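Novice: Here you go, this is upload-v5.txt (compact mmCIF, C-alpha atoms).
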```txt
# COMPACT_ATOMS: atom_id res chain seq x y z
CA MET A 1 -7.29 -114.26 10.67
CA GLY A 2 -7.75 -117.95 9.97
CA ASN A 3 -7.27 -120.93 12.24
CA SER A 4 -4.06 -119.76 13.91
CA ALA A 5 -3.97 -122.76 16.23
CA MET A 6 -3.40 -125.18 13.37
CA LYS A 7 0.24 -126.05 12.67
CA PRO A 8 1.40 -127.13 9.19
CA ALA A 9 2.69 -130.70 9.08
CA PHE A 10 5.68 -130.04 6.83
CA GLY A 11 6.99 -126.67 7.96
CA THR A 12 6.38 -123.00 7.40
CA VAL A 13 6.41 -120.46 4.60
CA THR A 14 9.44 -118.90 6.27
CA GLY A 15 11.24 -122.23 6.21
CA LEU A 16 10.51 -122.80 2.52
CA MET A 17 11.68 -119.30 1.67
CA GLN A 18 14.90 -119.93 3.59
CA ASP A 19 15.42 -123.11 1.55
CA ILE A 20 15.66 -121.07 -1.66
CA ALA A 21 17.34 -117.96 -0.26
CA ARG A 22 20.67 -118.67 -1.97
CA ILE A 23 19.23 -119.45 -5.43
CA GLY A 24 19.75 -116.64 -7.91
CA ALA A 25 21.29 -114.21 -5.42
CA ASP A 26 22.78 -111.37 -7.47
CA LYS A 27 26.12 -110.21 -6.08
CA HIS A 28 26.34 -107.34 -8.58
CA ARG A 29 22.86 -105.81 -8.34
CA GLY A 30 21.84 -107.11 -4.93
CA GLY A 31 18.61 -109.03 -4.48
CA TYR A 32 17.81 -111.82 -6.91
CA SER A 33 18.05 -112.30 -10.69
CA ARG A 34 16.06 -115.33 -11.80
CA PRO A 35 15.14 -114.91 -15.48
CA VAL A 36 13.18 -117.64 -17.22
CA PHE A 37 15.26 -120.62 -18.41
CA SER A 38 18.23 -119.47 -16.31
CA GLY A 39 20.10 -121.81 -14.00
CA ALA A 40 18.46 -120.12 -11.01
CA GLU A 41 14.92 -120.46 -12.35
CA THR A 42 15.55 -124.06 -13.37
CA GLU A 43 16.79 -124.86 -9.86
CA LEU A 44 13.71 -123.25 -8.36
CA ARG A 45 11.46 -125.31 -10.62
CA SER A 46 13.24 -128.47 -9.45
CA TRP A 47 12.76 -127.34 -5.85
CA PHE A 48 9.04 -126.88 -6.44
CA SER A 49 8.72 -130.27 -8.11
CA GLU A 50 10.44 -131.93 -5.16
CA GLN A 51 8.31 -130.10 -2.59
CA ALA A 52 5.08 -130.88 -4.43
CA GLY A 53 6.10 -134.52 -4.76
CA ARG A 54 6.69 -134.74 -1.00
CA ARG A 55 3.07 -133.71 -0.57
CA GLY A 56 1.82 -136.43 -2.87
CA LEU A 57 0.85 -134.03 -5.65
CA ASP A 58 0.94 -135.05 -9.31
CA VAL A 59 3.46 -132.71 -10.97
CA TYR A 60 3.96 -132.08 -14.67
CA THR A 61 5.00 -129.28 -17.03
CA ASP A 62 2.72 -128.40 -19.94
CA VAL A 63 3.58 -127.31 -23.50
CA ASN A 64 3.85 -123.65 -22.42
CA GLY A 65 6.27 -124.34 -19.58
CA ILE A 66 3.64 -123.94 -16.86
CA MET A 67 4.15 -126.32 -13.95
CA TRP A 68 1.06 -127.94 -12.45
CA ALA A 69 0.84 -129.85 -9.16
CA TRP A 70 -2.52 -131.58 -8.69
CA TRP A 71 -4.26 -132.75 -5.54
CA ASP A 72 -7.10 -134.80 -6.98
CA THR A 73 -10.43 -135.81 -5.51
CA SER A 74 -11.25 -139.46 -4.96
CA ILE A 75 -13.10 -139.37 -8.29
CA GLY A 76 -9.90 -138.33 -10.05
CA ILE A 77 -11.60 -136.11 -12.62
CA ARG A 78 -9.77 -132.84 -13.27
CA ARG A 79 -12.59 -130.42 -13.93
CA ASP A 80 -13.82 -127.24 -12.20
CA ALA A 81 -10.54 -127.16 -10.27
CA VAL A 82 -9.58 -124.61 -7.63
CA VAL A 83 -6.12 -123.36 -8.58
CA THR A 84 -3.60 -121.26 -6.69
CA GLY A 85 0.06 -120.38 -7.26
CA SER A 86 2.26 -117.67 -8.71
CA HIS A 87 5.69 -117.49 -10.38
CA LEU A 88 9.37 -118.14 -9.59
CA ASP A 89 11.17 -115.80 -12.02
CA SER A 90 12.23 -112.29 -11.04
CA VAL A 91 13.18 -108.90 -12.40
CA PRO A 92 16.94 -108.17 -12.44
CA GLY A 93 17.99 -107.55 -8.85
CA GLY A 94 14.47 -108.14 -7.53
CA GLY A 95 13.26 -108.94 -4.05
CA ALA A 96 13.03 -112.35 -2.43
CA TYR A 97 9.24 -112.58 -2.20
CA ASP A 98 7.81 -111.34 -5.51
CA GLY A 99 6.50 -114.60 -6.94
CA PRO A 100 8.05 -117.31 -4.73
CA LEU A 101 5.96 -116.22 -1.72
CA GLY A 102 2.79 -117.27 -3.55
CA VAL A 103 4.29 -120.64 -4.48
CA ALA A 104 5.62 -121.37 -0.98
CA SER A 105 2.32 -120.25 0.58
CA ALA A 106 0.38 -122.60 -1.71
CA LEU A 107 2.50 -125.54 -0.58
CA ILE A 108 2.02 -124.69 3.10
CA ALA A 109 -1.70 -124.10 2.57
CA ILE A 110 -1.98 -127.70 1.36
CA ASP A 111 -0.10 -128.82 4.47
CA ILE A 112 -2.64 -126.94 6.59
CA LEU A 113 -5.59 -128.46 4.75
CA LYS A 114 -4.19 -131.96 5.19
CA SER A 115 -3.51 -131.35 8.87
CA ARG A 116 -7.19 -130.39 9.22
CA GLY A 117 -8.18 -133.69 7.68
CA ILE A 118 -9.68 -132.03 4.62
CA ARG A 119 -10.11 -133.98 1.39
CA PRO A 120 -11.14 -131.85 -1.62
CA ARG A 121 -14.48 -132.45 -3.31
CA ARG A 122 -13.15 -130.30 -6.13
CA PRO A 123 -9.62 -130.91 -7.42
CA LEU A 124 -6.99 -128.47 -6.21
CA ALA A 125 -3.89 -127.51 -8.17
CA ILE A 126 -0.86 -125.28 -7.76
CA ALA A 127 0.29 -123.50 -10.93
CA VAL A 128 3.74 -122.00 -11.46
CA PHE A 129 3.76 -119.62 -14.42
CA PRO A 130 7.02 -118.91 -16.31
CA GLU A 131 8.30 -115.47 -17.45
CA GLU A 132 5.75 -113.56 -15.38
CA GLU A 133 8.07 -110.58 -15.09
CA GLY A 134 9.04 -110.53 -18.76
CA SER A 135 12.62 -109.79 -17.71
CA ARG A 136 14.20 -111.98 -20.40
CA PHE A 137 11.93 -111.76 -23.44
CA GLY A 138 10.14 -108.49 -22.76
CA VAL A 139 6.55 -109.74 -22.44
CA ALA A 140 5.11 -109.97 -18.94
CA CYS A 141 2.89 -112.93 -17.93
CA LEU A 142 4.11 -114.82 -20.97
CA GLY A 143 3.08 -118.27 -19.73
CA SER A 144 -0.51 -117.28 -18.92
CA ARG A 145 -0.77 -115.29 -22.16
CA LEU A 146 0.24 -118.38 -24.13
CA LEU A 147 -2.15 -120.60 -22.18
CA THR A 148 -5.13 -118.32 -22.84
CA GLY A 149 -4.25 -117.47 -26.45
CA ALA A 150 -3.66 -113.81 -25.56
CA ILE A 151 -0.44 -113.72 -27.60
CA ASP A 152 0.52 -115.11 -31.01
CA PRO A 153 2.82 -118.11 -30.52
CA ASN A 154 4.73 -117.18 -33.69
CA LYS A 155 5.54 -113.84 -32.11
CA VAL A 156 6.71 -115.59 -28.96
CA ARG A 157 8.92 -118.03 -30.84
CA ASN A 158 10.75 -115.06 -32.39
CA LEU A 159 11.14 -112.97 -29.24
CA LYS A 160 14.81 -112.29 -28.45
CA ASP A 161 16.67 -111.76 -25.21
CA VAL A 162 19.46 -109.18 -24.80
CA ASP A 163 21.99 -111.63 -26.23
CA GLY A 164 19.97 -112.15 -29.40
CA ASN A 165 18.77 -115.66 -28.50
CA THR A 166 15.22 -116.43 -29.64
CA TYR A 167 12.61 -117.84 -27.31
CA ALA A 168 12.34 -120.86 -29.59
CA ASP A 169 16.05 -121.65 -29.37
CA VAL A 170 16.28 -121.11 -25.60
CA ALA A 171 13.13 -123.13 -24.95
CA ALA A 172 14.37 -126.01 -27.09
CA ALA A 173 17.73 -125.98 -25.27
CA ASN A 174 15.80 -126.35 -22.01
CA GLY A 175 13.71 -129.32 -23.08
CA GLN A 176 10.56 -127.48 -24.19
CA ASP A 177 9.33 -127.98 -27.77
CA PRO A 178 8.47 -124.48 -29.06
CA ARG A 179 6.38 -125.91 -31.91
CA PHE A 180 3.56 -126.69 -29.48
CA ILE A 181 3.29 -123.45 -27.49
CA GLY A 182 0.01 -121.56 -27.62
CA ALA A 183 -3.61 -121.60 -26.48
CA ASP A 184 -4.40 -124.75 -24.49
CA LEU A 185 -8.17 -125.14 -24.22
CA SER A 186 -7.90 -128.59 -22.69
CA ALA A 187 -5.93 -127.14 -19.77
CA LEU A 188 -8.22 -124.12 -19.42
CA ASN A 189 -11.28 -126.35 -19.36
CA GLN A 190 -9.94 -128.07 -16.25
CA LEU A 191 -9.89 -124.83 -14.28
CA GLY A 192 -12.78 -123.48 -12.24
CA LEU A 193 -11.10 -120.49 -10.58
CA PHE A 194 -7.68 -119.09 -9.71
CA ILE A 195 -6.48 -117.39 -6.51
CA GLU A 196 -3.01 -115.85 -6.54
CA LEU A 197 -1.28 -114.88 -3.30
CA HIS A 198 1.39 -112.20 -3.68
CA ILE A 199 3.37 -109.82 -1.53
CA GLU A 200 1.76 -106.40 -1.67
CA GLN A 201 3.70 -104.04 -3.90
CA GLY A 202 2.78 -100.96 -1.91
CA ARG A 203 2.01 -99.79 1.64
CA GLY A 204 -1.76 -100.21 1.77
CA LEU A 205 -1.73 -103.00 4.35
CA PHE A 206 0.94 -101.31 6.46
CA ASP A 207 -1.22 -98.19 6.68
CA LEU A 208 -4.30 -100.31 7.51
CA ASP A 209 -2.37 -102.38 10.09
CA GLN A 210 -3.58 -105.64 8.54
CA PRO A 211 -1.48 -108.63 7.41
CA VAL A 212 -3.60 -109.79 4.43
CA ALA A 213 -5.92 -108.13 1.89
CA ILE A 214 -8.19 -109.27 -0.93
CA GLY A 215 -7.49 -107.77 -4.35
CA SER A 216 -10.12 -105.77 -6.22
CA SER A 217 -8.45 -104.76 -9.49
CA ILE A 218 -5.22 -104.32 -11.48
CA LEU A 219 -4.38 -101.04 -13.19
CA GLY A 220 -4.22 -101.10 -16.97
CA HIS A 221 -0.63 -101.14 -18.13
CA GLY A 222 1.63 -101.74 -21.07
CA ARG A 223 5.21 -101.74 -22.31
CA TRP A 224 6.52 -99.94 -25.36
CA LYS A 225 9.93 -100.01 -27.01
CA LEU A 226 11.08 -96.59 -28.17
CA SER A 227 14.17 -96.49 -30.43
CA VAL A 228 15.93 -93.26 -31.37
CA TYR A 229 18.03 -93.42 -34.56
CA GLY A 230 20.88 -90.97 -35.15
CA GLN A 231 24.34 -90.94 -36.71
CA GLY A 232 27.08 -92.96 -35.04
CA ASN A 233 30.44 -91.24 -35.11
CA HIS A 234 33.76 -90.57 -33.37
CA ALA A 235 33.53 -88.76 -30.03
CA GLY A 236 36.78 -86.86 -30.63
CA THR A 237 36.54 -85.81 -34.26
CA THR A 238 32.86 -84.87 -34.58
CA LEU A 239 32.07 -81.24 -33.75
CA MET A 240 29.12 -80.64 -31.47
CA SER A 241 27.37 -78.69 -34.22
CA ASP A 242 27.73 -81.61 -36.64
CA ARG A 243 26.16 -84.28 -34.45
CA HIS A 244 22.88 -86.18 -34.74
CA ASP A 245 23.20 -87.77 -31.32
CA PRO A 246 20.36 -90.11 -30.34
CA MET A 247 21.53 -90.11 -26.71
CA ILE A 248 20.77 -86.40 -26.36
CA ALA A 249 17.35 -86.92 -27.88
CA ALA A 250 16.75 -89.95 -25.65
CA ALA A 251 17.65 -87.95 -22.54
CA LYS A 252 15.18 -85.20 -23.45
CA ILE A 253 12.50 -87.77 -24.30
CA LEU A 254 13.01 -89.50 -20.96
CA VAL A 255 12.45 -86.28 -19.03
CA GLY A 256 9.46 -85.55 -21.25
CA ILE A 257 7.93 -88.91 -20.31
CA ARG A 258 8.15 -88.00 -16.64
CA ASP A 259 6.62 -84.58 -17.30
CA ALA A 260 3.81 -86.00 -19.44
CA ALA A 261 2.80 -88.49 -16.74
CA THR A 262 2.53 -85.79 -14.08
CA LYS A 263 -0.26 -84.15 -16.10
CA TYR A 264 -2.55 -87.13 -15.54
CA ARG A 265 -3.76 -87.90 -12.03
CA ASP A 266 -2.91 -91.48 -10.93
CA ALA A 267 -0.74 -92.08 -14.02
CA ARG A 268 2.61 -93.86 -13.86
CA ALA A 269 5.24 -93.75 -16.60
CA THR A 270 8.68 -95.31 -16.17
CA VAL A 271 11.83 -95.85 -18.20
CA GLY A 272 13.70 -98.56 -16.33
CA ARG A 273 15.93 -99.72 -19.13
CA LEU A 274 17.97 -97.72 -21.69
CA GLN A 275 20.51 -99.19 -24.09
CA PRO A 276 22.84 -97.20 -26.39
CA ILE A 277 24.13 -98.91 -29.52
CA PRO A 278 27.01 -99.72 -29.82
CA GLY A 279 27.68 -98.50 -26.26
CA GLY A 280 31.33 -97.38 -26.42
CA THR A 281 32.63 -94.62 -24.15
CA ASN A 282 34.30 -92.76 -27.03
CA VAL A 283 31.52 -93.43 -29.54
CA ILE A 284 28.52 -91.30 -30.45
CA ALA A 285 25.68 -93.82 -30.44
CA SER A 286 23.92 -94.71 -33.67
CA ARG A 287 20.78 -95.82 -31.83
CA VAL A 288 19.34 -95.72 -28.35
CA ASP A 289 16.64 -98.14 -27.24
CA MET A 290 14.48 -97.46 -24.21
CA TRP A 291 11.54 -99.35 -22.76
CA VAL A 292 8.57 -97.39 -21.45
CA ASP A 293 6.11 -98.73 -18.87
CA VAL A 294 2.81 -96.80 -18.67
CA ARG A 295 -0.09 -97.44 -16.25
CA HIS A 296 -3.42 -95.86 -15.31
CA PRO A 297 -6.75 -97.13 -13.88
CA LYS A 298 -8.59 -95.85 -16.99
CA ASP A 299 -7.52 -97.44 -20.26
CA GLU A 300 -8.45 -94.37 -22.30
CA ILE A 301 -6.08 -92.24 -20.23
CA THR A 302 -3.31 -94.81 -20.69
CA ALA A 303 -3.86 -94.53 -24.45
CA SER A 304 -3.88 -90.72 -24.32
CA LEU A 305 -0.68 -90.60 -22.29
CA VAL A 306 1.08 -93.02 -24.64
CA GLU A 307 0.04 -90.95 -27.66
CA SER A 308 1.40 -87.83 -25.94
CA ILE A 309 4.71 -89.59 -25.26
CA HIS A 310 4.92 -90.74 -28.88
CA LEU A 311 4.23 -87.29 -30.36
CA ASN A 312 6.67 -85.56 -28.01
CA ALA A 313 9.38 -88.12 -28.81
CA ARG A 314 9.00 -87.49 -32.55
CA LEU A 315 9.33 -83.73 -32.07
CA ILE A 316 12.38 -83.99 -29.80
CA ALA A 317 14.11 -86.47 -32.12
CA ALA A 318 13.54 -84.21 -35.14
CA GLU A 319 15.11 -81.27 -33.29
CA GLU A 320 18.26 -83.37 -32.87
CA GLY A 321 18.25 -84.59 -36.47
CA CYS A 322 17.11 -88.07 -35.42
CA ASN A 323 14.18 -90.41 -36.08
CA ILE A 324 12.24 -92.77 -33.82
CA ALA A 325 10.40 -96.08 -33.88
CA PHE A 326 7.72 -96.71 -31.27
CA ASP A 327 6.27 -100.21 -30.87
CA VAL A 328 4.02 -101.87 -28.30
CA GLU A 329 5.45 -105.00 -26.66
CA SER A 330 2.55 -105.81 -24.36
CA LEU A 331 -0.72 -104.19 -23.32
CA SER A 332 -3.16 -105.23 -20.60
CA PRO A 333 -6.40 -103.34 -19.87
CA THR A 334 -7.58 -102.62 -16.34
CA VAL A 335 -8.82 -105.84 -14.73
CA HIS A 336 -11.58 -106.03 -12.12
CA PHE A 337 -11.50 -109.35 -10.32
CA ASN A 338 -14.62 -111.51 -10.19
CA THR A 339 -17.08 -109.90 -7.77
CA SER A 340 -18.77 -113.14 -6.70
CA LEU A 341 -15.47 -114.84 -5.92
CA ARG A 342 -14.25 -111.77 -4.05
CA GLU A 343 -17.40 -111.80 -1.90
CA GLN A 344 -16.90 -115.50 -1.15
CA LEU A 345 -13.34 -114.78 -0.06
CA LYS A 346 -14.57 -111.92 2.10
CA GLY A 347 -16.90 -114.37 3.84
CA LEU A 348 -14.09 -116.88 4.36
CA ILE A 349 -11.49 -114.35 5.61
CA PRO A 350 -13.68 -111.50 6.91
CA ALA A 351 -10.92 -109.44 8.53
CA ALA A 352 -9.16 -108.89 5.18
CA PRO A 353 -9.66 -105.42 3.63
CA ILE A 354 -10.10 -104.86 -0.11
CA LEU A 355 -7.21 -103.28 -2.05
CA ASN A 356 -6.34 -102.67 -5.69
CA THR A 357 -2.86 -102.93 -7.20
CA GLY A 358 -0.80 -101.17 -9.83
CA ALA A 359 1.20 -104.32 -10.60
CA GLY A 360 0.36 -106.87 -13.28
CA HIS A 361 -0.14 -110.55 -12.45
CA ASP A 362 -1.07 -113.83 -14.13
CA ALA A 363 -4.41 -113.60 -12.31
CA GLY A 364 -5.17 -110.56 -14.44
CA VAL A 365 -4.53 -112.47 -17.68
CA LEU A 366 -6.64 -115.45 -16.58
CA ALA A 367 -9.49 -113.16 -15.47
CA SER A 368 -10.98 -113.00 -18.98
CA HIS A 369 -11.41 -116.79 -19.00
CA ILE A 370 -12.16 -117.93 -15.43
CA PRO A 371 -13.04 -116.22 -12.14
CA THR A 372 -9.84 -114.99 -10.48
CA ALA A 373 -8.89 -113.32 -7.23
CA MET A 374 -5.78 -112.21 -5.37
CA LEU A 375 -4.58 -112.12 -1.78
CA PHE A 376 -1.91 -109.61 -0.80
CA VAL A 377 0.44 -110.02 2.15
CA ARG A 378 1.76 -106.97 4.00
CA ASN A 379 5.04 -105.43 2.87
CA PRO A 380 6.16 -103.00 5.61
CA THR A 381 8.48 -101.03 3.31
CA GLY A 382 6.04 -100.83 0.41
CA ILE A 383 9.07 -101.44 -1.83
CA SER A 384 9.06 -104.12 -4.51
CA HIS A 385 11.17 -105.07 -7.54
CA SER A 386 14.10 -104.19 -5.31
CA PRO A 387 16.33 -105.89 -2.71
CA GLU A 388 14.59 -103.74 -0.06
CA GLU A 389 11.36 -105.72 -0.47
CA GLN A 390 10.44 -107.14 2.95
CA ILE A 391 7.91 -109.26 4.78
CA GLU A 392 7.57 -110.25 8.43
CA ASP A 393 7.65 -113.97 9.21
CA ALA A 394 4.34 -113.75 11.07
CA ASP A 395 2.69 -112.13 8.05
CA SER A 396 4.02 -114.88 5.77
CA GLU A 397 2.34 -117.49 7.94
CA ALA A 398 -0.84 -115.41 8.21
CA GLY A 399 -0.99 -115.29 4.43
CA ALA A 400 -0.75 -119.06 4.13
CA LEU A 401 -3.43 -119.53 6.80
CA CYS A 402 -5.77 -117.15 4.98
CA LEU A 403 -5.09 -118.94 1.71
CA ALA A 404 -5.84 -122.27 3.39
CA ASP A 405 -9.08 -120.89 4.82
CA ALA A 406 -10.08 -119.64 1.37
CA LEU A 407 -9.20 -122.91 -0.36
CA SER A 408 -10.95 -124.93 2.34
CA GLY A 409 -14.17 -123.05 1.71
CA LEU A 410 -13.92 -123.44 -2.05
CA ILE A 411 -12.78 -127.02 -2.64
CA GLY A 412 -15.85 -128.35 -0.86
CA ARG A 413 -18.31 -126.40 -3.00
CA ALA A 414 -19.84 -127.14 -6.36
CA ARG A 415 -19.33 -124.47 -8.98
CA HIS A 416 -21.67 -121.53 -8.67
CA ILE A 417 -19.41 -118.55 -9.33
CA GLY A 418 -20.54 -116.36 -12.24
```
What would the structure in this file look like if it were written as structure tokens?

Specialist:
Amino acid sequence: MGNSAMKPAFGTVTGLMQDIARIGADKHRGGYSRPVFSGAETELRSWFSEQAGRRGLDVYTDVNGIMWAWWDTSIGIRRDAVVTGSHLDSVPGGGAYDGPLGVASALIAIDILKSRGIRPRRPLAIAVFPEEEGSRFGVACLGSRLLTGAIDPNKVRNLKDVDGNTYADVAAANGQDPRFIGADLSALNQLGLFIELHIEQGRGLFDLDQPVAIGSSILGHGRWKLSVYGQGNHAGTTLMSDRHDPMIAAAKILVGIRDAATKYRDARATVGRLQPIPGGTNVIASRVDMWVDVRHPKDEITASLVESIHLNARLIAAEEGCNIAFDVESLSPTVHFNTSLREQLKGLIPAAPILNTGAGHDAGVLASHIPTAMLFVRNPTGISHSPEEQIEDADSEAGALCLADALSGLIGRARHIG
């Protein structure tokens, strides 16, 4: 797949990934914890800036914290650009490749293009989107949502992390002026299309015995915060019959979420985070917060499942003498990537199969504004958002070669993608 005889001038994807292997390593959880605006994410952004600068790219950070690295044409006009890239932040205790693989592969793809003597007729840029995972402020793909106007900037400014710090305060402390975040039409108007390379978050390629696939769609998904309110009290002096314990209600609701999802074919429902308030060992909680992730290929079934979860939670809470609040934090409909662009990619990397994904990506957010596509690189374990996430070195390089082949075919063409 691709021109395997061509050697990058500056190194390999594997080498770049080794360069950042120590950054954000989580000794407690295992894997990597690289939340937005953390020391680890900041160090990774500096690493990217340095690597892009070595390649002669023009690097800057926009008002929404998105990093751009431009390889301009001889004309120097930034319009109808071919853009690739991904993100550098991670979930708590995540794998090494989710996000950074796409950034490292973009850098190596440019090396490959230069080693082939290619000069773009269309400008080419690498984009690094912040807070893609939503692990700090609770909204996934936050940078691309801000760029496209898919989220209210006032809402974003008031988002809080687990320590109660607002996005506005944290951004300002890290050199970003939160007054100017929001839809950026001037930046969007520079973009012609976006291709995101990402490690596959599943076993599709392993089962097909292929190193790289072209993405077809992203399952609709959303995140909801469910809070159960009860009566905080003393664990030793409060009789069992006198309790209004939100933890008991939360436990029953959690099991109910699992049971509700099993009634819908292809549905996924997950509670990956649960927080009792105040959280003392000898204290009956006064409130329990949980975050619910729901996904399905059909948006109407996602809505039906969420409504079922909400109704069941209200009934369970009432049985325990508790109340609930149920609020959406983010919601993304099912995304089908641009058919014309996908067919062009299929012509440029013909051995690549077509696969869908259940994971959200910035490419999905951008899809409502410009043609987007994704390339997936084989993950032999199928495990992601976990330290067990893996990739073979040969597959990393195959991914970069396929990305280079795709970019090579696109940066020499005038725009004709619908």

Novice: In Å to one decimal, how far is atom CA of Asn323 of chain A from atom CA of Gly232 of chain A?

Specialist: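 Value for the atom CA of Gly232 of chain A-atom CA of Asn323 of chain A distance: 13.2 Å.
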
Novice: For the contact check between segment 138-236 of chain A and segment 288-302 of chain A, emit one row per residue of segment 138-236 of chain A within 9 Å, containing the shortest atom pair and the distance in Å rounded to one decimal, counting only C-alpha atoms, chain then rising number order, as CSV.

Specialist:
```
residue,atom,partner,partner_atom,distance
A:Ser217,CA,A:Pro297,CA,9.0
A:Ile218,CA,A:Pro297,CA,7.7
A:Leu219,CA,A:Pro297,CA,4.6
A:Gly220,CA,A:His296,CA,5.6
A:His221,CA,A:Arg295,CA,4.2
A:Gly222,CA,A:Val294,CA,5.6
A:Arg223,CA,A:Asp293,CA,4.7
A:Trp224,CA,A:Val292,CA,5.1
A:Lys225,CA,A:Trp291,CA,4.6
A:Leu226,CA,A:Met290,CA,5.3
A:Ser227,CA,A:Asp289,CA,4.4
A:Val228,CA,A:Val288,CA,5.2
A:Tyr229,CA,A:Val288,CA,6.8
A:Gly230,CA,A:Val288,CA,8.4
```

Novice: Identify, on the basis of all atoms listed in the file, every residue whose closest approach to Leu107 of chain A does not exceed 8 Å; exclude the query and any residue fewer than 5 positions from it along the same chain; express the result as a PyMOL selection string.

Specialist: chain A and resi 51-52+126

Novice: Output as JSON lines one row per residue of segment 34-86 of chain A within 10 Å of segment 169-175 of chain A: the closest atom pair and its distance in Å to one decimal place, counting only C-alpha atoms, sorted by chain and residue number ascending.

Specialist:
```
{"residue": "A:Val36", "atom": "CA", "partner": "A:Ala171", "partner_atom": "CA", "distance": 9.5}
{"residue": "A:Phe37", "atom": "CA", "partner": "A:Asn174", "partner_atom": "CA", "distance": 6.8}
{"residue": "A:Ser38", "atom": "CA", "partner": "A:Asn174", "partner_atom": "CA", "distance": 9.3}
{"residue": "A:Thr42", "atom": "CA", "partner": "A:Asn174", "partner_atom": "CA", "distance": 8.9}
{"residue": "A:Asn64", "atom": "CA", "partner": "A:Ala171", "partner_atom": "CA", "distance": 9.6}
{"residue": "A:Gly65", "atom": "CA", "partner": "A:Ala171", "partner_atom": "CA", "distance": 8.8}
```

Novice: For atom CA of Leu16 of chain A and atom CA of Gly94 of chain A, determine how far apart the two atoms are, in Å to one decimal place.

Specialist: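 Rounded to one decimal, the two atoms are 18.2 Å apart.
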
Novice: From the list A:Ser115, A:Asn189, A:Ser286, A:Thr339, which residue is nearest Ile324 of chain A when using only C-alpha atoms?

Specialist: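 Closest to Ile324 of chain A of all the choices is A:Ser286.
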
Novice: May I have the residues within 12 Å of Ala21 of chain A as an NGL selection string, using only C-alpha atoms and disregarding those fewer than 5 positions away in the same chain?

Specialist: :A and (14-16 or 26 or 31-34 or 40 or 43-44 or 47 or 95-97 or 100-101)

Novice: Can those selected residues be exported to a file as an mmCIF file, in the frame of the given file so that it contains C-alpha atoms?

Specialist:
```cif
data_model
loop_
_atom_site.group_PDB
_atom_site.id
_atom_site.type_symbol
_atom_site.label_atom_id
_atom_site.label_comp_id
_atom_site.auth_asym_id
_atom_site.auth_seq_id
_atom_site.Cartn_x
_atom_site.Cartn_y
_atom_site.Cartn_z
ATOM 1 C CA THR A 14 9.440 -118.900 6.270
ATOM 2 C CA GLY A 15 11.240 -122.230 6.210
ATOM 3 C CA LEU A 16 10.510 -122.800 2.520
ATOM 4 C CA ASP A 26 22.780 -111.370 -7.470
ATOM 5 C CA GLY A 31 18.610 -109.030 -4.480
ATOM 6 C CA TYR A 32 17.810 -111.820 -6.910
ATOM 7 C CA SER A 33 18.050 -112.300 -10.690
ATOM 8 C CA ARG A 34 16.060 -115.330 -11.800
ATOM 9 C CA ALA A 40 18.460 -120.120 -11.010
ATOM 10 C CA GLU A 43 16.790 -124.860 -9.860
ATOM 11 C CA LEU A 44 13.710 -123.250 -8.360
ATOM 12 C CA TRP A 47 12.760 -127.340 -5.850
ATOM 13 C CA GLY A 95 13.260 -108.940 -4.050
ATOM 14 C CA ALA A 96 13.030 -112.350 -2.430
ATOM 15 C CA TYR A 97 9.240 -112.580 -2.200
ATOM 16 C CA PRO A 100 8.050 -117.310 -4.730
ATOM 17 C CA LEU A 101 5.960 -116.220 -1.720
#
```

Novice: Give the answer as one residue: which of A:Glu320, A:Glu307, A:Glu41, A:Asp163 has the shortest atom-to-atom distance to Ser241 of chain A, using only C-alpha atoms?

Specialist: A:Glu320

Novice: Each residue of segment 297-393 of chain A with at least one atom at most 6 Å from segment 196-202 of chain A should appear once, together with its nearest atom pair and the corresponding distance in Å (one decimal); atoms considered: all atoms listed in the file; ordering: chain, then increasing residue number; output as a Markdown table.

Specialist:
```
| residue | atom | partner | partner_atom | distance |
| --- | --- | --- | --- | --- |
| A:Met374 | CA | A:Glu196 | CA | 4.7 |
| A:Leu375 | CA | A:Leu197 | CA | 4.6 |
| A:Phe376 | CA | A:Glu200 | CA | 5.0 |
| A:Val377 | CA | A:Ile199 | CA | 4.7 |
| A:Arg378 | CA | A:Glu200 | CA | 5.7 |
| A:Asn379 | CA | A:Glu200 | CA | 5.7 |
| A:Gly382 | CA | A:Gly202 | CA | 4.0 |
| A:Ser384 | CA | A:Gln201 | CA | 5.4 |
```

Novice: Return the single residue from A:Ile214, A:Ala81, A:Leu159, A:Val103 that is closest to Gly138 of chain A, with distances computed using all atoms listed in the file.

Specialist: A:Leu159

Novice: Suppose you want the space between atom CA of Val365 of chain A and atom CA of Phe194 of chain A; what is it in Å?

Specialist: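 Computed distance, atom CA of Val365 of chain A to atom CA of Phe194 of chain A, equals 10.8 Å.
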
Novice: So which residues are close to (-20.0, -118.7, 3.9), meaning at most 8 Å away in the file's coordinates with all atoms listed in the file counted, and can you show them as a count of residues only?

Specialist: 4

Novice: So that I can check the surroundings of Thr73 of chain A, please list as a list of chain:residue names every protein, DNA and RNA residue that reaches within 7 Å of it, counting only C-alpha atoms and ignoring chain neighbours fewer than 5 positions away.

Specialist: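 Returned residues: A:Pro120, A:Arg121, A:Arg122, A:Pro123.
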